[in-house]
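Student: So here's coords_19.cif, just mmCIF, C-alpha atoms:
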```
data_work
#
loop_
_atom_site.label_atom_id
_atom_site.label_comp_id
_atom_site.auth_asym_id
_atom_site.auth_seq_id
_atom_site.Cartn_x
_atom_site.Cartn_y
_atom_site.Cartn_z
CA MET A 1 273.35 178.58 142.24
CA SER A 2 274.77 181.92 141.04
CA GLU A 3 273.92 185.20 142.76
CA ILE A 4 272.09 186.46 139.63
CA SER A 5 270.09 183.28 139.25
CA SER A 6 269.29 183.25 142.96
CA SER A 7 267.90 186.78 142.72
CA CYS A 8 265.75 185.89 139.69
CA ALA A 9 264.55 182.68 141.30
CA SER A 10 263.02 184.56 144.24
CA GLN A 11 260.71 186.74 142.12
CA VAL A 12 257.23 186.15 140.74
CA ILE A 13 257.05 186.95 137.01
CA THR A 14 254.03 188.45 135.29
CA CYS A 15 253.80 187.40 131.64
CA LYS A 16 251.40 186.42 128.88
CA ALA A 17 250.06 182.91 128.32
CA ALA A 18 247.33 181.15 126.37
CA VAL A 19 244.73 180.02 128.90
CA CYS A 20 241.95 177.53 128.14
CA TRP A 21 239.03 178.13 130.53
CA GLY A 22 236.82 175.17 129.74
CA VAL A 23 236.07 172.15 127.55
CA GLY A 24 236.26 173.13 123.89
CA GLU A 25 236.65 176.85 124.63
CA GLU A 26 239.03 179.05 122.67
CA CYS A 27 242.27 179.99 124.39
CA LYS A 28 242.56 183.51 125.75
CA VAL A 29 245.96 185.17 125.75
CA GLU A 30 246.13 187.02 129.05
CA GLU A 31 248.51 188.00 131.81
CA ILE A 32 249.37 185.34 134.37
CA GLN A 33 251.84 185.05 137.22
CA VAL A 34 254.57 182.43 137.25
CA GLU A 35 256.06 181.60 140.63
CA PRO A 36 259.75 181.03 141.34
CA PRO A 37 261.12 177.51 140.83
CA GLN A 38 261.09 175.31 143.90
CA LYS A 39 263.45 172.47 144.83
CA CYS A 40 264.68 170.54 141.75
CA GLU A 41 262.84 172.93 139.41
CA VAL A 42 263.88 175.55 136.86
CA ARG A 43 262.00 178.43 135.33
CA VAL A 44 262.24 178.65 131.55
CA LYS A 45 261.78 181.65 129.28
CA MET A 46 260.06 180.13 126.26
CA LEU A 47 261.37 181.04 122.81
CA TYR A 48 259.23 178.82 120.59
CA ALA A 49 256.41 176.35 121.05
CA SER A 50 254.46 174.17 118.66
CA LEU A 51 251.06 172.63 118.35
CA CYS A 52 250.43 168.93 118.94
CA HIS A 53 247.24 166.90 118.48
CA THR A 54 247.45 165.97 122.18
CA ASP A 55 246.94 169.63 123.12
CA ILE A 56 243.63 169.59 121.26
CA VAL A 57 242.51 166.33 122.87
CA ILE A 58 243.30 167.65 126.36
CA SER A 59 241.53 170.96 125.65
CA LYS A 60 238.40 168.86 125.13
CA GLY A 61 238.68 167.49 128.65
CA TYR A 62 240.48 164.18 128.08
CA PRO A 63 241.43 162.30 130.20
CA ILE A 64 240.42 164.62 133.07
CA PRO A 65 238.70 168.01 132.56
CA LEU A 66 241.02 170.29 134.52
CA PHE A 67 240.49 174.02 133.90
CA PRO A 68 241.57 176.78 133.65
CA ARG A 69 244.71 175.43 132.05
CA VAL A 70 247.78 176.67 130.19
CA LEU A 71 248.26 174.23 127.33
CA GLY A 72 251.33 173.27 125.32
CA HIS A 73 253.96 170.57 125.86
CA GLU A 74 256.19 171.09 122.82
CA GLY A 75 258.70 173.91 122.93
CA VAL A 76 262.22 175.20 123.34
CA GLY A 77 263.45 177.87 125.72
CA VAL A 78 266.27 179.19 127.86
CA VAL A 79 266.72 178.61 131.59
CA GLU A 80 265.92 181.90 133.36
CA SER A 81 266.51 180.75 136.94
CA VAL A 82 267.01 177.57 138.95
CA GLY A 83 265.66 176.37 142.27
CA GLU A 84 267.44 174.69 145.17
CA GLU A 85 269.25 171.38 144.71
CA VAL A 86 269.63 171.86 140.95
CA ASN A 87 273.11 170.71 139.96
CA ALA A 88 274.83 173.40 137.89
CA GLU A 89 276.40 170.67 135.75
CA ASP A 90 272.90 169.61 134.76
CA PHE A 91 271.13 172.95 134.34
CA LYS A 92 272.18 176.55 134.81
CA GLN A 93 270.97 179.98 133.79
CA GLY A 94 271.26 180.44 130.03
CA ASP A 95 271.02 176.75 129.04
CA ILE A 96 268.85 175.97 126.01
CA VAL A 97 266.33 173.26 126.93
CA ILE A 98 263.27 171.37 125.72
CA PRO A 99 260.60 169.85 127.99
CA THR A 100 259.62 166.18 127.93
CA PHE A 101 256.50 164.63 129.42
CA VAL A 102 258.33 161.43 130.40
CA SER A 103 261.31 161.18 132.72
CA GLU A 104 264.09 158.66 133.35
CA CYS A 105 265.49 158.16 136.86
CA GLN A 106 267.69 155.25 135.70
CA GLU A 107 267.01 153.55 139.04
CA CYS A 108 263.42 152.26 139.17
CA GLU A 109 262.15 148.87 137.99
CA ASN A 110 260.87 150.22 134.66
CA CYS A 111 263.96 152.27 133.86
CA LEU A 112 266.21 149.27 134.52
CA SER A 113 263.98 146.73 132.75
CA GLY A 114 264.85 147.60 129.17
CA LYS A 115 261.15 147.08 128.43
CA SER A 116 259.60 150.43 129.32
CA ASN A 117 260.30 154.15 129.15
CA LEU A 118 257.67 155.01 131.77
CA CYS A 119 259.61 155.94 134.90
CA LEU A 120 258.03 154.95 138.23
CA LYS A 121 259.99 157.38 140.40
CA TYR A 122 258.96 160.42 138.35
CA PRO A 123 255.82 159.15 136.61
CA LEU A 124 253.88 160.67 133.75
CA THR A 125 251.21 162.77 135.41
CA PHE A 126 247.73 163.76 134.27
CA SER A 127 247.00 165.88 137.35
CA GLY A 128 248.06 169.16 135.76
CA LEU A 129 250.20 169.86 138.82
CA MET A 130 253.86 169.70 139.81
CA LEU A 131 255.23 166.65 141.62
CA ASP A 132 254.41 168.26 145.00
CA GLY A 133 250.75 168.56 144.03
CA THR A 134 250.73 172.33 143.49
CA SER A 135 250.81 174.70 140.52
CA ARG A 136 253.37 177.39 139.68
CA MET A 137 250.89 179.44 137.63
CA SER A 138 247.93 181.63 138.52
CA THR A 139 245.78 184.34 136.96
CA VAL A 140 246.61 187.97 137.66
CA LYS A 141 242.93 188.73 138.17
CA GLY A 142 241.51 186.84 141.12
CA GLN A 143 244.70 184.81 141.72
CA LYS A 144 243.02 181.67 140.41
CA MET A 145 245.26 178.62 140.14
CA LEU A 146 246.09 177.46 136.61
CA TYR A 147 246.70 173.84 135.73
CA HIS A 148 249.79 172.84 133.76
CA LEU A 149 249.70 170.34 130.89
CA PHE A 150 251.60 167.22 131.91
CA SER A 151 254.88 168.48 133.40
CA CYS A 152 254.93 171.87 131.69
CA SER A 153 252.98 174.60 129.87
CA THR A 154 254.80 175.85 126.79
CA TRP A 155 252.12 178.26 125.53
CA SER A 156 253.41 180.83 127.99
CA GLU A 157 256.25 183.32 127.99
CA TYR A 158 257.60 181.63 131.14
CA MET A 159 257.01 178.24 132.74
CA VAL A 160 258.36 176.20 135.64
CA VAL A 161 259.34 172.56 135.12
CA ASN A 162 260.93 169.85 137.26
CA VAL A 163 264.44 169.05 136.05
CA ASN A 164 263.51 165.40 135.58
CA PHE A 165 261.25 166.45 132.68
CA LEU A 166 263.82 168.59 130.91
CA VAL A 167 266.59 167.92 128.37
CA LYS A 168 269.46 170.28 127.63
CA LEU A 169 270.48 170.99 124.05
CA HIS A 170 274.26 170.86 124.07
CA ASN A 171 275.87 173.11 121.44
CA TRP A 172 272.70 173.59 119.35
CA GLY A 173 273.40 176.78 117.45
CA ALA A 174 276.88 177.17 118.92
CA HIS A 175 279.24 179.54 117.12
CA GLY A 176 280.72 177.99 114.02
CA THR A 177 278.11 175.22 113.73
CA THR A 178 275.51 174.75 110.99
CA THR A 179 272.74 173.22 113.06
CA PRO A 180 269.08 173.63 112.03
CA PRO A 181 267.17 176.69 113.32
CA LEU A 182 266.55 176.54 117.07
CA SER A 183 262.83 176.68 116.43
CA HIS A 184 263.00 173.15 114.96
CA ALA A 185 263.98 171.78 118.38
CA SER A 186 260.41 172.39 119.54
CA PHE A 187 259.22 169.50 117.35
CA LEU A 188 261.38 167.08 119.33
CA SER A 189 259.45 167.56 122.59
CA CYS A 190 256.71 165.18 121.50
CA GLY A 191 255.22 164.66 118.02
CA PHE A 192 258.09 163.87 115.67
CA SER A 193 260.14 162.14 118.38
CA THR A 194 257.15 160.01 119.38
CA GLY A 195 256.75 158.80 115.82
CA PHE A 196 260.46 158.25 115.28
CA GLY A 197 260.84 156.25 118.46
CA ALA A 198 257.97 153.87 117.73
CA PRO A 199 259.77 151.73 115.10
CA TRP A 200 263.16 152.26 116.73
CA LYS A 201 262.53 151.66 120.43
CA GLU A 202 258.96 150.44 120.83
CA ALA A 203 258.68 147.91 118.00
CA LYS A 204 262.40 147.43 117.39
CA ILE A 205 261.72 146.59 113.76
CA GLU A 206 264.17 144.40 111.87
CA ARG A 207 266.02 145.41 108.71
CA GLY A 208 264.03 144.35 105.66
CA SER A 209 260.65 144.64 107.42
CA THR A 210 257.48 145.81 105.72
CA VAL A 211 255.85 148.73 107.51
CA ALA A 212 252.62 150.68 107.23
CA VAL A 213 252.02 154.07 108.84
CA ILE A 214 248.43 155.26 109.20
CA GLY A 215 248.32 159.06 109.29
CA LEU A 216 251.11 161.27 107.93
CA GLY A 217 251.09 164.17 110.34
CA ALA A 218 254.21 165.03 112.35
CA VAL A 219 253.94 161.79 114.35
CA GLY A 220 253.40 159.65 111.26
CA LEU A 221 256.24 161.30 109.35
CA GLY A 222 258.46 160.64 112.35
CA ALA A 223 257.46 156.97 112.19
CA VAL A 224 258.30 156.90 108.47
CA GLU A 225 261.73 158.39 109.20
CA GLY A 226 262.33 155.98 112.07
CA ALA A 227 261.37 152.99 109.92
CA ARG A 228 263.68 154.18 107.14
CA MET A 229 266.63 154.53 109.51
CA GLN A 230 265.95 151.04 110.88
CA GLY A 231 266.23 149.63 107.37
CA ALA A 232 262.61 148.85 106.50
CA ALA A 233 262.31 147.47 102.97
CA ARG A 234 258.85 148.95 102.31
CA ILE A 235 257.17 151.83 104.11
CA ILE A 236 253.54 152.29 103.14
CA GLY A 237 252.04 155.63 104.12
CA VAL A 238 248.26 155.93 104.47
CA ASP A 239 246.50 159.30 104.47
CA LYS A 240 243.35 160.72 102.88
CA ASN A 241 245.19 163.99 102.26
CA GLU A 242 246.88 163.78 98.86
CA MET A 243 249.26 166.58 99.83
CA LYS A 244 250.91 164.23 102.34
CA ARG A 245 252.28 162.08 99.51
CA GLU A 246 255.17 164.46 98.86
CA LYS A 247 255.90 164.87 102.58
CA GLY A 248 255.97 161.12 103.09
CA ILE A 249 258.40 160.59 100.24
CA ALA A 250 260.72 163.23 101.70
CA PHE A 251 260.99 161.20 104.91
CA GLY A 252 261.46 157.80 103.25
CA MET A 253 258.00 156.50 102.35
CA THR A 254 258.09 154.00 99.45
CA ASP A 255 254.34 153.56 98.81
CA PHE A 256 251.32 155.81 99.33
CA ILE A 257 247.68 154.87 99.82
CA ASN A 258 244.93 157.48 99.72
CA PRO A 259 241.76 155.65 100.84
CA GLU A 260 239.57 158.24 99.12
CA ASN A 261 241.07 157.24 95.77
CA HIS A 262 239.70 153.75 96.31
CA GLN A 263 236.09 154.65 97.08
CA SER A 264 233.46 152.54 95.37
CA GLN A 265 231.41 154.10 92.59
CA HIS A 266 228.35 152.36 94.03
CA ASP A 267 225.98 154.10 96.41
CA ASP A 268 226.37 151.20 98.82
CA GLN A 269 229.15 152.14 101.26
CA ASP A 270 229.75 148.45 101.98
CA HIS A 271 231.68 148.31 98.69
CA ASN A 272 234.35 150.67 100.08
CA LYS A 273 237.51 148.88 101.09
CA SER A 274 238.84 149.42 104.60
CA VAL A 275 242.34 150.71 105.33
CA SER A 276 243.46 147.24 106.37
CA GLU A 277 242.16 145.76 103.11
CA LEU A 278 244.00 148.39 101.07
CA ILE A 279 247.23 147.65 102.93
CA LYS A 280 246.80 143.91 102.37
CA ASP A 281 246.04 144.49 98.68
CA SER A 282 249.40 146.24 98.34
CA THR A 283 251.22 143.31 100.02
CA ASP A 284 249.73 140.41 98.02
CA GLY A 285 247.18 139.77 100.75
CA MET A 286 249.77 139.10 103.43
CA GLY A 287 249.72 142.35 105.37
CA VAL A 288 252.74 144.08 106.86
CA ASP A 289 255.17 143.10 109.60
CA TYR A 290 254.49 146.30 111.53
CA CYS A 291 251.71 148.88 111.39
CA PHE A 292 251.85 152.18 113.28
CA GLU A 293 248.55 153.96 114.02
CA CYS A 294 249.37 157.67 114.23
CA THR A 295 246.00 159.42 113.81
CA GLY A 296 244.36 158.93 117.19
CA VAL A 297 241.18 157.74 115.43
CA ALA A 298 239.93 154.86 117.60
CA SER A 299 238.60 152.70 114.74
CA PHE A 300 241.99 152.75 113.02
CA ILE A 301 243.56 150.88 115.94
CA ASN A 302 241.71 147.74 114.89
CA GLU A 303 242.51 148.46 111.24
CA ALA A 304 246.20 148.62 112.14
CA LEU A 305 246.01 145.24 113.86
CA VAL A 306 244.14 143.55 111.01
CA ALA A 307 246.60 145.02 108.47
CA THR A 308 249.50 143.03 109.94
CA LYS A 309 250.65 139.51 109.11
CA MET A 310 248.90 136.57 110.73
CA GLY A 311 251.02 134.84 113.35
CA LYS A 312 253.66 137.52 113.80
CA GLY A 313 252.39 140.99 112.87
CA THR A 314 252.62 143.84 115.36
CA ALA A 315 250.44 146.95 115.52
CA VAL A 316 251.65 149.88 117.61
CA VAL A 317 249.26 152.56 118.86
CA VAL A 318 251.08 155.89 118.69
CA GLY A 319 248.39 158.56 118.12
CA THR A 320 246.49 160.05 121.05
CA SER A 321 242.76 159.34 121.08
CA GLY A 322 240.01 160.95 123.12
CA SER A 323 238.03 157.71 122.99
CA PRO A 324 238.06 155.77 126.29
CA THR A 325 237.55 152.37 124.62
CA VAL A 326 238.20 150.67 121.28
CA GLN A 327 236.76 147.58 119.58
CA ILE A 328 239.23 144.90 118.51
CA ASP A 329 238.67 142.01 116.13
CA PHE A 330 239.04 138.98 118.37
CA LEU A 331 240.08 136.48 115.70
CA SER A 332 242.80 138.78 114.36
CA LEU A 333 244.27 139.11 117.85
CA MET A 334 244.00 135.40 118.58
CA SER A 335 245.72 134.60 115.29
CA GLY A 336 249.09 135.55 116.76
CA ARG A 337 249.12 139.27 116.11
CA THR A 338 250.36 141.70 118.77
CA LEU A 339 248.71 145.00 119.70
CA LYS A 340 251.02 147.32 121.63
CA GLY A 341 250.54 150.73 123.17
CA SER A 342 253.27 153.33 123.14
CA MET A 343 254.05 156.52 125.04
CA PHE A 344 256.60 158.91 123.53
CA GLY A 345 257.49 156.17 121.07
CA GLY A 346 259.27 154.20 123.78
CA LEU A 347 262.02 156.85 123.95
CA LYS A 348 263.85 157.39 127.23
CA ALA A 349 264.48 161.03 128.06
CA LYS A 350 268.13 160.73 129.10
CA THR A 351 269.25 157.69 127.12
CA ASP A 352 267.50 158.01 123.76
CA LEU A 353 266.36 161.59 123.20
CA PRO A 354 269.93 163.01 123.11
CA ILE A 355 270.71 160.54 120.29
CA LEU A 356 267.75 161.85 118.31
CA ILE A 357 268.77 165.44 119.07
CA ASN A 358 272.26 164.78 117.72
CA LYS A 359 270.82 163.29 114.54
CA CYS A 360 268.81 166.45 114.05
CA MET A 361 271.79 168.69 114.78
CA ASN A 362 273.79 166.76 112.18
CA LYS A 363 270.91 167.27 109.71
CA GLU A 364 270.34 163.55 109.31
CA MET A 365 266.60 164.35 109.40
CA GLN A 366 264.70 167.02 107.52
CA LEU A 367 262.85 168.82 110.29
CA ASP A 368 262.32 171.78 107.96
CA GLU A 369 259.85 169.59 106.03
CA LEU A 370 257.59 169.60 109.10
CA LEU A 371 257.27 173.37 109.45
CA THR A 372 254.41 174.75 107.36
CA HIS A 373 253.08 177.72 109.36
CA GLU A 374 254.25 180.26 111.97
CA VAL A 375 252.11 182.44 114.24
CA PRO A 376 252.80 184.64 117.28
CA LEU A 377 251.42 183.55 120.66
CA ILE A 378 248.66 186.18 120.47
CA ASP A 379 247.24 184.28 117.45
CA ILE A 380 247.14 180.88 119.12
CA ASN A 381 243.53 180.25 118.04
CA GLN A 382 244.54 180.89 114.44
CA ALA A 383 247.13 178.15 114.88
CA LEU A 384 244.38 175.74 115.88
CA GLU A 385 242.45 176.63 112.73
CA LEU A 386 245.54 176.27 110.54
CA LEU A 387 245.93 172.70 111.77
CA LYS A 388 242.68 171.85 109.96
CA GLN A 389 244.07 172.90 106.59
CA PRO A 390 245.20 170.15 104.17
CA GLY A 391 248.67 171.60 103.71
CA CYS A 392 249.42 171.99 107.42
CA VAL A 393 251.84 169.67 109.20
CA LYS A 394 253.36 171.67 112.04
CA VAL A 395 252.53 175.14 113.35
CA LEU A 396 255.33 177.02 115.10
CA ILE A 397 254.31 179.45 117.83
CA LYS A 398 256.73 182.34 118.27
CA ILE A 399 256.80 183.32 121.91
#
```
Is it possible to give me this structure as structure tokens?

Tutor:
Amino acid sequence: MSEISSSCASQVITCKAAVCWGVGEECKVEEIQVEPPQKCEVRVKMLYASLCHTDIVISKGYPIPLFPRVLGHEGVGVVESVGEEVNAEDFKQGDIVIPTFVSECQECENCLSGKSNLCLKYPLTFSGLMLDGTSRMSTVKGQKMLYHLFSCSTWSEYMVVNVNFLVKLHNWGAHGTTTPPLSHASFLSCGFSTGFGAPWKEAKIERGSTVAVIGLGAVGLGAVEGARMQGAARIIGVDKNEMKREKGIAFGMTDFINPENHQSQHDDQDHNKSVSELIKDSTDGMGVDYCFECTGVASFINEALVATKMGKGTAVVVGTSGSPTVQIDFLSLMSGRTLKGSMFGGLKAKTDLPILINKCMNKEMQLDELLTHEVPLIDINQALELLKQPGCVKVLIKI
């Protein structure tokens, strides 16, 4: 560790962060204190963050109501200081990094299995604390401990993160390159990457497959892009927002279904066709090979399953839901269909995410199509309101 970094790493930093004090409460941008990084940790000066549906679900107390809390798990920043036992070849002061909420030790049973991206040595945590069971954030007034979100808290000017939940961006924005704006890297921390990984790593779809994607937000558009790159023959996007048609086409969607355009003219709501029926209608009654549920709406999980082909269809749950249980049609499941859950789209932090990062750096994907709004950190609550607008896909938070 360099002398400069060592000096920085020993100091507590006072900065601004968006703090959520209770279930459903608005965030308050206030001064907090961020402690120095401990063993195998780095402190990051955040440059940009972005808003993900998961942040909203967790602000409502799911799965555990832990408050006060600094939200945010998508972002990009620069390493300000490093703690002990951090290898300089891995991370050093000045490195550009993005956080991830999954890790990859490359040693445990899951990491070696080829079947899971959920590391057992450094597991996904819902405790809101670091791996040692403590927090690195506290309020200036009253010195009250603040919970993190997963492994990090990106809605803050500074945050501390364990190196196992961090990925370095090699040469992004280096002199002489024409990489996308650095702000776009924030979208790779969760939403878009999660969607992209689902057809690529979780479902491992075959070339020529028929695919349906329910919900065309950042996650769904990522799934569309991932399906396109895997060679899907048809990619059916489903969204009640007509404005998502153009976005879906930009990422490779071949067909678009707006359920509200298929509402019955009768007063009896039983005449309205379900999402699964609309998908089957567009595939001659057969259904699709793969359906990706990207909205987080619990009832759509069953719709995704029913929309797939009997005997071999696979539905993948990608969107985060605040519902603790879901109802599944028993006969559809027993008829040979597969229902699969997914975390981070099955992507491994060290093995797969760098591949996706390189694709973005080479402009193989149009991340600029995701960005629709920008706000400063002080206007974080405005960002939450913007997300409700029909034309909003991704809100960038300028730290």

Student: Neighbouring residues of Ser193 in chain A were defined as those with any atom within 8 Å, considering only C-alpha atoms; residues of the same chain fewer than 5 positions away were excluded. Please report them as a VMD selection string.

Tutor: chain A and resid 187 to 188 219 222 344 to 345 347 353 356

Student: Could you make a table, as JSON lines, of the residues of range 248-296 of chain A that have an atom within 7 Å of an atom of range 313-316 of chain A, each with its nearest atom pair and distance in Å to one decimal, counting only C-alpha atoms, in chain and number order?

Tutor:
```
{"residue": "A:Val288", "atom": "CA", "partner": "A:Gly313", "partner_atom": "CA", "distance": 6.8}
{"residue": "A:Asp289", "atom": "CA", "partner": "A:Gly313", "partner_atom": "CA", "distance": 4.8}
{"residue": "A:Tyr290", "atom": "CA", "partner": "A:Thr314", "partner_atom": "CA", "distance": 4.9}
{"residue": "A:Cys291", "atom": "CA", "partner": "A:Ala315", "partner_atom": "CA", "distance": 4.7}
{"residue": "A:Phe292", "atom": "CA", "partner": "A:Val316", "partner_atom": "CA", "distance": 4.9}
{"residue": "A:Glu293", "atom": "CA", "partner": "A:Val316", "partner_atom": "CA", "distance": 6.3}
```

Student: Expanded to explicit residues, what is the PyMOL selection byres ((chain A and resi 108-122) around 8) for this file, as a PyMOL selection string?

Tutor: chain A and resi 102-107+123-124+131+164+343+346-348

Student: Under the PyMOL selection byres ((chain A and resi 8-20) around 7), which residues of this model are included? Write them out as a PyMOL selection string.

Tutor: chain A and resi 4-7+21-22+25-37+67-71+81-83+155-158

Student: Evaluated on this file, the PyMOL selection byres ((chain A and resi 74) around 8) picks out some residues - which ones are they, written as a count of residues only?

Tutor: 17

Student: Have a look at A:Gln366, A:Tyr147, A:Thr351, A:Val326 and name the one nearest to Ile249 in chain A; count all atoms listed in the file.

Tutor: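 The answer is A:Gln366, which sits nearest to Ile249 in chain A.
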
Student: Quick one, how far is CA of Ala232 in chain A from CA of Asp329 in chain A?

Tutor: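 Atom-to-atom, CA of Ala232 in chain A and CA of Asp329 in chain A are spaced 26.7 Å apart.
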
Student: If you count only C-alpha atoms, which residues fall within 9 Å of Lys244 in chain A, apart from same-chain ones fewer than 2 positions away, as a PyMOL selection string?

Tutor: chain A and resi 216-217+237-242+246-249+256+390-391+393

Student: With C-alpha atoms retained, export the selected residues as a compact mmCIF listing (two decimals), in the frame of the given file.

Tutor:
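Final output, result-v3.txt:
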```
# COMPACT_ATOMS: atom_id res chain seq x y z
CA LEU A 216 251.11 161.27 107.93
CA GLY A 217 251.09 164.17 110.34
CA GLY A 237 252.04 155.63 104.12
CA VAL A 238 248.26 155.93 104.47
CA ASP A 239 246.50 159.30 104.47
CA LYS A 240 243.35 160.72 102.88
CA ASN A 241 245.19 163.99 102.26
CA GLU A 242 246.88 163.78 98.86
CA GLU A 246 255.17 164.46 98.86
CA LYS A 247 255.90 164.87 102.58
CA GLY A 248 255.97 161.12 103.09
CA ILE A 249 258.40 160.59 100.24
CA PHE A 256 251.32 155.81 99.33
CA PRO A 390 245.20 170.15 104.17
CA GLY A 391 248.67 171.60 103.71
CA VAL A 393 251.84 169.67 109.20
```

Student: Which residue gives the smallest distance to Met159 in chain A among A:Cys294, A:Ile301, A:Leu396, A:Met137, with only C-alpha atoms counted?

Tutor: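 For Met159 in chain A, the nearest of the candidates is A:Met137.
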
Student: For a quick check of understanding, using all atoms listed in the file, which of A:Lys394, A:Arg136, A:Lys388, A:Lys92 has the smallest distance to Leu367 in chain A?

Tutor: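 Checking each candidate against Leu367 in chain A, we get A:Lys394 as the closest.
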
Student: Which residue out of A:Ser127, A:Ser153, A:Gln230, A:Asn272 has the minimum interatomic distance to Met46 in chain A when all atoms listed in the file are used?

Tutor: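 Checking each of A:Ser127, A:Ser153, A:Gln230, A:Asn272 against Met46 in chain A, counting all atoms listed in the file, the winner is A:Ser153.
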
Student: Hey, what's within 10 Å of Ala223 in chain A if we count all atoms listed in the file and toss same-chain stuff fewer than 5 positions away? As a PyMOL selection string, please?

Tutor: chain A and resi 191-200+211-218+228-229+235+237+251-253+291-294+318+345

Student: Report, in Å with one decimal, the straight-line distance from CA of Phe91 in chain A to CA of Thr139 in chain A.

Tutor: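 One can read the CA of Phe91 in chain A to CA of Thr139 in chain A distance as 27.9 Å.
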
Student: Which of these residues is nearest to Arg43 in chain A, using all atoms listed in the file: A:Val161, A:Gly128, A:Pro181, A:Phe101?

Tutor: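 With all atoms listed in the file as the atom set, the closest residue is A:Val161.
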
Student: Please provide the set of residues having any atom within 10 Å of Met130 in chain A, restricted to only C-alpha atoms, with same-chain residues fewer than 6 positions apart removed, written as JSON, numbers by chain.

Tutor: {"A": [41, 136, 147, 148, 149, 150, 151, 152, 160, 161, 162]}

Student: Could you tell me which of A:Gly296, A:Gly61, A:Pro354, A:Pro259 comes closest to Phe126 in chain A if we count all atoms listed in the file?

Tutor: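 Counting all atoms listed in the file, the residue closest to Phe126 in chain A is A:Gly61.
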